Amino acid sequence: MLELRHIDFHVPDKDGGINKIIDDLSLKLDTGKFTVITGPNGGGKSTLAKLIMGIEKPTAGRIYLDGQDITDLSIAERAKLGIGYGFQQPPRFKGLTVRRLLSLAHGSELPVDECCTYLTNVGLCSADYLNREVDTSLSGGEVKRIEIATLMARNLRLAIYDEPEAGIDLWSFTMLIKSFRSISQNRHESTIIISHQERIMQLADDIIVLADGKIKEMGPKDDIFPKLISQVNSGCSFRSGKEGAKNG
Amino acid sequence: MAEMNKIDSALLEAVADLHKVPEGAYNIRKNGQFFGRASNANIQIESKTDKPGINITVQPGTKNESLHIPVILTESGLHDVVYNDFYIGEDADVLIVAGCGIHNCGDQTSQHDGIHTFHIGRGARVRYVEKHYGDGDGKGGRVLNPKTVVTMEEGSYCEMEMIQIRGVDSTLRDTEATVGAGAKLIMTERLMTHGEQFAESNMTITLDGKDAVTQVISRSIGKDDSRQVFHPCVIGNAPCRAHVQCDSIIMDRAQISSVPEIRANDSEAQLVHEAAIGKINGDQITKLMTFGMDEEEAEKIIVEGFLH
């Protein structure tokens with residue numbers, strides 16, 4: 001179980017005030033759950049994911065994984081405990097091949113057939129990609145899919161995917177979604193996905209709506225999802241000036 | 001061949017991946033002297049009579065042969081100059097492994113200047129690998145100033161890989177190539193400097209025939225207080241294609257200057273250059289840390305991959 005207790009991530013803003021990116025946030029995620037975090041841009045979703053991975057450190061509050069306080073652990077220490085994070089904008093590596101990157105993720109040299117399975121699962125023809133470098137010769141969508149494969153190549157207690165659909169064309173996206181939940185649950189104990197995509201939310205056990213650094217709604221998909229849809233259908237929150245899940 | 005000692009073996013392994021006497025033709029030079037040689041039916045090696053060095057003749061149509069010509073220096077204060085001329089016959093296909101290792105335990109500078117001239121016949125294919133390596137704990141400098149001159153006839157293919165990863169204090173590399181019609185030259189340079197090292201590489205590739213092609217890939221890492229200068233120049237005198245790419249990672253207090261140049265003297269010449277210098281991207285380190293590596297390991301993986 002992942003537990004966040006009274007997490008703050010406050011940074012100074014340019015006017016000398018405080019920007020509360022995450023503000024007194026507490027939550028519990030049960031092991032085995034497939035959770036989608038959604039909400040407007042700038043609501044704190046990616047920051048929350050980075051706080052769990054250790055890329056950012058909270059300015060207050062504690063984080064626990066299965067009862068162990070991991071707040072002061074480094075990124076690498078958390079990785080060794082079985083937490084993984086798929087970047088929204090993955091970095092590229094000149095000279096590192098796709099196979100090497102997958103092997104580094106896995107922690108040991110991966111046999112070709114295993115690499116192929118992970119690449120096929122994200123919709124890439126492995127024969128074309130295994131020995132290609134993860135550099136600027138790959139498109140944004142290709143790098144993104146390889147990023148997802150680096151998480152799939154690990155047995156994780158908690159996998160966090162930050163907008164896995166971003167940059168992936170609609171056609172491949174549909175293919176990816178079909179298998180995402182089953183593959184992820186095969187490889188990971190628990191999964192968190194940050195997403196704006198309705199079809200990804202439909203895969204979820206639970207949905208968390210995050211806005212202004214706070215949890216606005218949280219609960220089983222069957223309760224939350226209809227509310228989000230009705231908010232979108234009730235009009236454009238931009239034009240009516242209402243607060244809400246603008247990107248629901 | 002004379003006996004190899006431990007230092008000799010270690011140097012040979014570093015520059016030529018040799019663990020024992022190589023198969024195929026070879027010539028090993030140690031401290032400015034002839035150390036061992038083998039010719040065969042297809043590859044003949046002969047000493048020059050007018051100056052230090054060897055003439056290497058690869059017979060036309062030779063296939064799947066390799067040639068090793070490593071040089072090792074273990075005496076401090078030696079300045080070794082050698083002229084090696086390669087004559088590659090028509091339609092031959094050969095791998096040439098050169099390289100120089102310097103082990104300097106003394107206080108005087110040890111220097112090796114290898115002047116390599118290649119005449120590559122029509123339709124021939126050459127893969128040439130040259131590694132530079134230095135070690136030894138003496139205060140004396142380890143200096144390597146190679147010069148490579150390549151003439152490629154019609155339809156030939158040449159891949160040159162120059163690697164200098166550690167231990168060489170100062171290098172001035174000069175490369176000149178003339179590429180004939182339908183011929184293709186691929187130049188790969190991989191360099192890492194550290195400490196107070198200095199490395200300069202000047203390259204002039206002239207594309208003289210129709211459909212001549214060249215690709216220059218230079219990757220370097222500058223650490224500590226080291227300095228690097230790159231000046232690859234491609235001249236297009238015919239309908240031809242060239243791509244020059246210089247990528248450097250800069251660390252610590254290093255200084256890197258990258259000056260790719262392209263010159264077209266024909267309206268059908270297509271010449272492209274790219275150059276980039278930058279530090280290791282923080283996201284790359286973070287990404288590898290999410291695989292369970294610490295910062296130092298992550299940096300090592302990035303550097304190794306970049307120079308691979």
# chains A, B, ... in the order shown; residues from 1 in each chain; ligands from 1
$ closest_atom_pairs --of "chain A" --to "chain B" --cutoff "6 Å" --atoms "only C-alpha atoms" --output "CSV"
residue,atom,partner,partner_atom,distance
A:Ile75,CA,B:Thr290,CA,5.8
A:Ala76,CA,B:Gly292,CA,4.0
A:Ala79,CA,B:Gly292,CA,4.8
A:Lys80,CA,B:Gly292,CA,5.5
A:Pro91,CA,B:Gln284,CA,5.6
A:Lys94,CA,B:Phe306,CA,5.5
A:Gly95,CA,B:Phe306,CA,4.6
A:Leu96,CA,B:Gly305,CA,5.0
A:Ala105,CA,B:Phe291,CA,5.2
$ select_by_dssp --residues "region 51-221 of chain A" --states "strand (DSSP E)" --output "MDAnalysis selection string"
chainID A and resid 60:65 68:69 83:86 156:162 188:194 206:211 214:220
$ write_last_selection --atoms "N, CA and C atoms" --output "mmCIF file, in the first residue's frame"
data_model
loop_
_atom_site.group_PDB
_atom_site.id
_atom_site.type_symbol
_atom_site.label_atom_id
_atom_site.label_comp_id
_atom_site.auth_asym_id
_atom_site.auth_seq_id
_atom_site.Cartn_x
_atom_site.Cartn_y
_atom_site.Cartn_z
ATOM 1 N N ALA A 60 6.842 19.251 3.156
ATOM 2 C CA ALA A 60 6.309 18.725 4.426
ATOM 3 C C ALA A 60 5.561 17.432 4.135
ATOM 4 N N GLY A 61 5.392 16.598 5.167
ATOM 5 C CA GLY A 61 4.620 15.366 5.022
ATOM 6 C C GLY A 61 5.506 14.147 4.842
ATOM 7 N N ARG A 62 4.911 12.976 4.923
ATOM 8 C CA ARG A 62 5.649 11.720 4.824
ATOM 9 C C ARG A 62 5.010 10.797 3.778
ATOM 10 N N ILE A 63 5.875 9.959 3.175
ATOM 11 C CA ILE A 63 5.405 8.984 2.184
ATOM 12 C C ILE A 63 5.775 7.577 2.671
ATOM 13 N N TYR A 64 4.838 6.648 2.628
ATOM 14 C CA TYR A 64 5.072 5.267 3.085
ATOM 15 C C TYR A 64 4.750 4.279 1.969
ATOM 16 N N LEU A 65 5.620 3.282 1.826
ATOM 17 C CA LEU A 65 5.329 2.170 0.918
ATOM 18 C C LEU A 65 5.247 0.907 1.759
ATOM 19 N N GLN A 68 6.675 1.242 5.162
ATOM 20 C CA GLN A 68 8.049 1.757 5.310
ATOM 21 C C GLN A 68 8.081 3.232 4.911
ATOM 22 N N ASP A 69 8.656 4.060 5.776
ATOM 23 C CA ASP A 69 8.773 5.495 5.465
ATOM 24 C C ASP A 69 9.857 5.684 4.404
ATOM 25 N N ILE A 83 9.739 0.843 -7.159
ATOM 26 C CA ILE A 83 8.922 1.919 -7.729
ATOM 27 C C ILE A 83 9.523 2.309 -9.082
ATOM 28 N N GLY A 84 8.674 2.500 -10.072
ATOM 29 C CA GLY A 84 9.145 2.914 -11.405
ATOM 30 C C GLY A 84 8.322 4.074 -11.918
ATOM 31 N N TYR A 85 8.986 4.916 -12.714
ATOM 32 C CA TYR A 85 8.299 6.110 -13.217
ATOM 33 C C TYR A 85 8.571 6.297 -14.704
ATOM 34 N N GLY A 86 7.507 6.383 -15.481
ATOM 35 C CA GLY A 86 7.636 6.644 -16.921
ATOM 36 C C GLY A 86 7.444 8.123 -17.183
ATOM 37 N N LEU A 156 7.567 -4.472 -10.979
ATOM 38 C CA LEU A 156 7.498 -3.351 -10.046
ATOM 39 C C LEU A 156 6.383 -3.546 -9.019
ATOM 40 N N ARG A 157 6.662 -3.009 -7.825
ATOM 41 C CA ARG A 157 5.568 -2.985 -6.836
ATOM 42 C C ARG A 157 4.616 -1.854 -7.188
ATOM 43 N N LEU A 158 5.195 -0.756 -7.693
ATOM 44 C CA LEU A 158 4.357 0.382 -8.065
ATOM 45 C C LEU A 158 4.912 1.018 -9.341
ATOM 46 N N ALA A 159 4.108 0.988 -10.401
ATOM 47 C CA ALA A 159 4.508 1.619 -11.665
ATOM 48 C C ALA A 159 3.705 2.900 -11.854
ATOM 49 N N ILE A 160 4.417 3.990 -12.163
ATOM 50 C CA ILE A 160 3.721 5.263 -12.385
ATOM 51 C C ILE A 160 3.967 5.694 -13.829
ATOM 52 N N TYR A 161 2.917 5.837 -14.576
ATOM 53 C CA TYR A 161 3.030 6.285 -15.972
ATOM 54 C C TYR A 161 2.499 7.712 -16.064
ATOM 55 N N ASP A 162 3.349 8.627 -16.536
ATOM 56 C CA ASP A 162 2.930 10.023 -16.637
ATOM 57 C C ASP A 162 2.474 10.309 -18.072
ATOM 58 N N HIS A 188 3.230 -5.541 -12.844
ATOM 59 C CA HIS A 188 3.307 -4.644 -11.684
ATOM 60 C C HIS A 188 2.228 -4.982 -10.662
ATOM 61 N N GLU A 189 2.605 -4.823 -9.370
ATOM 62 C CA GLU A 189 1.596 -5.050 -8.334
ATOM 63 C C GLU A 189 0.520 -3.976 -8.389
ATOM 64 N N SER A 190 0.961 -2.720 -8.432
ATOM 65 C CA SER A 190 0.005 -1.607 -8.487
ATOM 66 C C SER A 190 0.435 -0.644 -9.588
ATOM 67 N N THR A 191 -0.542 0.029 -10.164
ATOM 68 C CA THR A 191 -0.238 0.956 -11.256
ATOM 69 C C THR A 191 -0.947 2.286 -11.026
ATOM 70 N N ILE A 192 -0.192 3.364 -11.233
ATOM 71 C CA ILE A 192 -0.811 4.696 -11.248
ATOM 72 C C ILE A 192 -0.600 5.256 -12.641
ATOM 73 N N ILE A 193 -1.662 5.749 -13.255
ATOM 74 C CA ILE A 193 -1.509 6.398 -14.554
ATOM 75 C C ILE A 193 -2.040 7.815 -14.457
ATOM 76 N N ILE A 194 -1.214 8.761 -14.876
ATOM 77 C CA ILE A 194 -1.690 10.136 -14.997
ATOM 78 C C ILE A 194 -2.209 10.272 -16.419
ATOM 79 N N ASP A 206 -9.811 2.860 -9.568
ATOM 80 C CA ASP A 206 -10.118 4.109 -8.870
ATOM 81 C C ASP A 206 -9.649 5.304 -9.682
ATOM 82 N N ILE A 207 -10.354 6.422 -9.493
ATOM 83 C CA ILE A 207 -9.942 7.663 -10.155
ATOM 84 C C ILE A 207 -9.737 8.739 -9.088
ATOM 85 N N ILE A 208 -8.617 9.484 -9.236
ATOM 86 C CA ILE A 208 -8.366 10.635 -8.360
ATOM 87 C C ILE A 208 -8.387 11.880 -9.237
ATOM 88 N N VAL A 209 -9.152 12.878 -8.845
ATOM 89 C CA VAL A 209 -9.147 14.147 -9.576
ATOM 90 C C VAL A 209 -8.342 15.146 -8.750
ATOM 91 N N LEU A 210 -7.274 15.635 -9.359
ATOM 92 C CA LEU A 210 -6.368 16.548 -8.663
ATOM 93 C C LEU A 210 -6.475 17.930 -9.295
ATOM 94 N N ALA A 211 -6.710 18.949 -8.465
ATOM 95 C CA ALA A 211 -6.751 20.322 -8.975
ATOM 96 C C ALA A 211 -6.194 21.242 -7.898
ATOM 97 N N LYS A 214 -4.667 19.794 -4.688
ATOM 98 C CA LYS A 214 -5.483 19.059 -3.711
ATOM 99 C C LYS A 214 -6.315 17.996 -4.426
ATOM 100 N N ILE A 215 -6.712 16.990 -3.627
ATOM 101 C CA ILE A 215 -7.599 15.982 -4.204
ATOM 102 C C ILE A 215 -9.012 16.560 -4.212
ATOM 103 N N LYS A 216 -9.573 16.641 -5.419
ATOM 104 C CA LYS A 216 -10.931 17.193 -5.531
ATOM 105 C C LYS A 216 -11.960 16.082 -5.392
ATOM 106 N N GLU A 217 -11.641 14.968 -6.007
ATOM 107 C CA GLU A 217 -12.522 13.803 -5.925
ATOM 108 C C GLU A 217 -11.638 12.567 -5.906
ATOM 109 N N MET A 218 -12.135 11.532 -5.245
ATOM 110 C CA MET A 218 -11.398 10.270 -5.247
ATOM 111 C C MET A 218 -12.378 9.151 -4.956
ATOM 112 N N GLY A 219 -12.299 8.079 -5.740
ATOM 113 C CA GLY A 219 -13.218 6.979 -5.472
ATOM 114 C C GLY A 219 -13.214 5.978 -6.602
ATOM 115 N N PRO A 220 -14.088 4.968 -6.499
ATOM 116 C CA PRO A 220 -14.169 3.975 -7.568
ATOM 117 C C PRO A 220 -14.558 4.627 -8.896
#
$ residues_around --residues "Gly182 (chain B)" --least-positions-apart "4" --cutoff "9 Å" --atoms "only C-alpha atoms" --output "list in words"
Glu153, Glu154, Gly155, Ser156, Tyr157, Gly209, Lys210, Asp211, Ala212, Val213 and Cys240 of chain B
$ write_last_selection --atoms "N, CA and C atoms" --output "compact mmCIF listing (two decimals), in the first residue's frame"
# COMPACT_ATOMS: atom_id res chain seq x y z
N GLU B 153 39.58 5.24 -55.14
CA GLU B 153 39.20 5.17 -56.56
C GLU B 153 37.71 4.84 -56.70
N GLU B 154 37.25 4.87 -57.94
CA GLU B 154 35.84 4.70 -58.26
C GLU B 154 35.21 3.47 -57.58
N GLY B 155 34.05 3.72 -57.00
CA GLY B 155 33.25 2.62 -56.44
C GLY B 155 33.85 1.94 -55.22
N SER B 156 34.87 2.52 -54.63
CA SER B 156 35.45 1.88 -53.44
C SER B 156 34.70 2.33 -52.18
N TYR B 157 34.98 1.62 -51.07
CA TYR B 157 34.28 1.91 -49.82
C TYR B 157 35.30 1.84 -48.69
N GLY B 209 34.43 12.99 -57.35
CA GLY B 209 33.74 12.30 -58.45
C GLY B 209 32.24 12.33 -58.27
N LYS B 210 31.52 12.04 -59.35
CA LYS B 210 30.06 12.00 -59.31
C LYS B 210 29.61 10.93 -58.31
N ASP B 211 28.61 11.29 -57.49
CA ASP B 211 28.04 10.38 -56.49
C ASP B 211 29.05 9.92 -55.42
N ALA B 212 30.07 10.68 -55.23
CA ALA B 212 30.95 10.41 -54.07
C ALA B 212 30.17 10.77 -52.81
N VAL B 213 30.38 9.98 -51.75
CA VAL B 213 29.62 10.18 -50.52
C VAL B 213 30.57 10.15 -49.33
N CYS B 240 27.60 15.31 -55.37
CA CYS B 240 28.05 14.42 -54.30
C CYS B 240 27.22 14.69 -53.04
$ residues_around --residues "Asp224 (chain B)" --least-positions-apart "2" --cutoff "7 Å" --atoms "only C-alpha atoms" --output "number ranges by chain"
B: 194-195, 226, 251-254
$ closest_residue --among "B:Met4, B:Ile69, B:Ala14, B:Val216" --to "Ile165 (chain B)" --atoms "only C-alpha atoms"
B:Ala14
$ atom_distance --atom1 "CA of Asp17 (chain B)" --atom2 "CA of Asn64 (chain B)"
18.2 Å
$ atom_distance --atom1 "CA of Val179 (chain B)" --atom2 "CA of Pro146 (chain B)"
20.1 Å
$ residues_around --residues "Thr136 (chain A)" --least-positions-apart "4" --cutoff "9 Å" --atoms "only C-alpha atoms" --output "PyMOL selection string"
chain A and resi 92-94+140
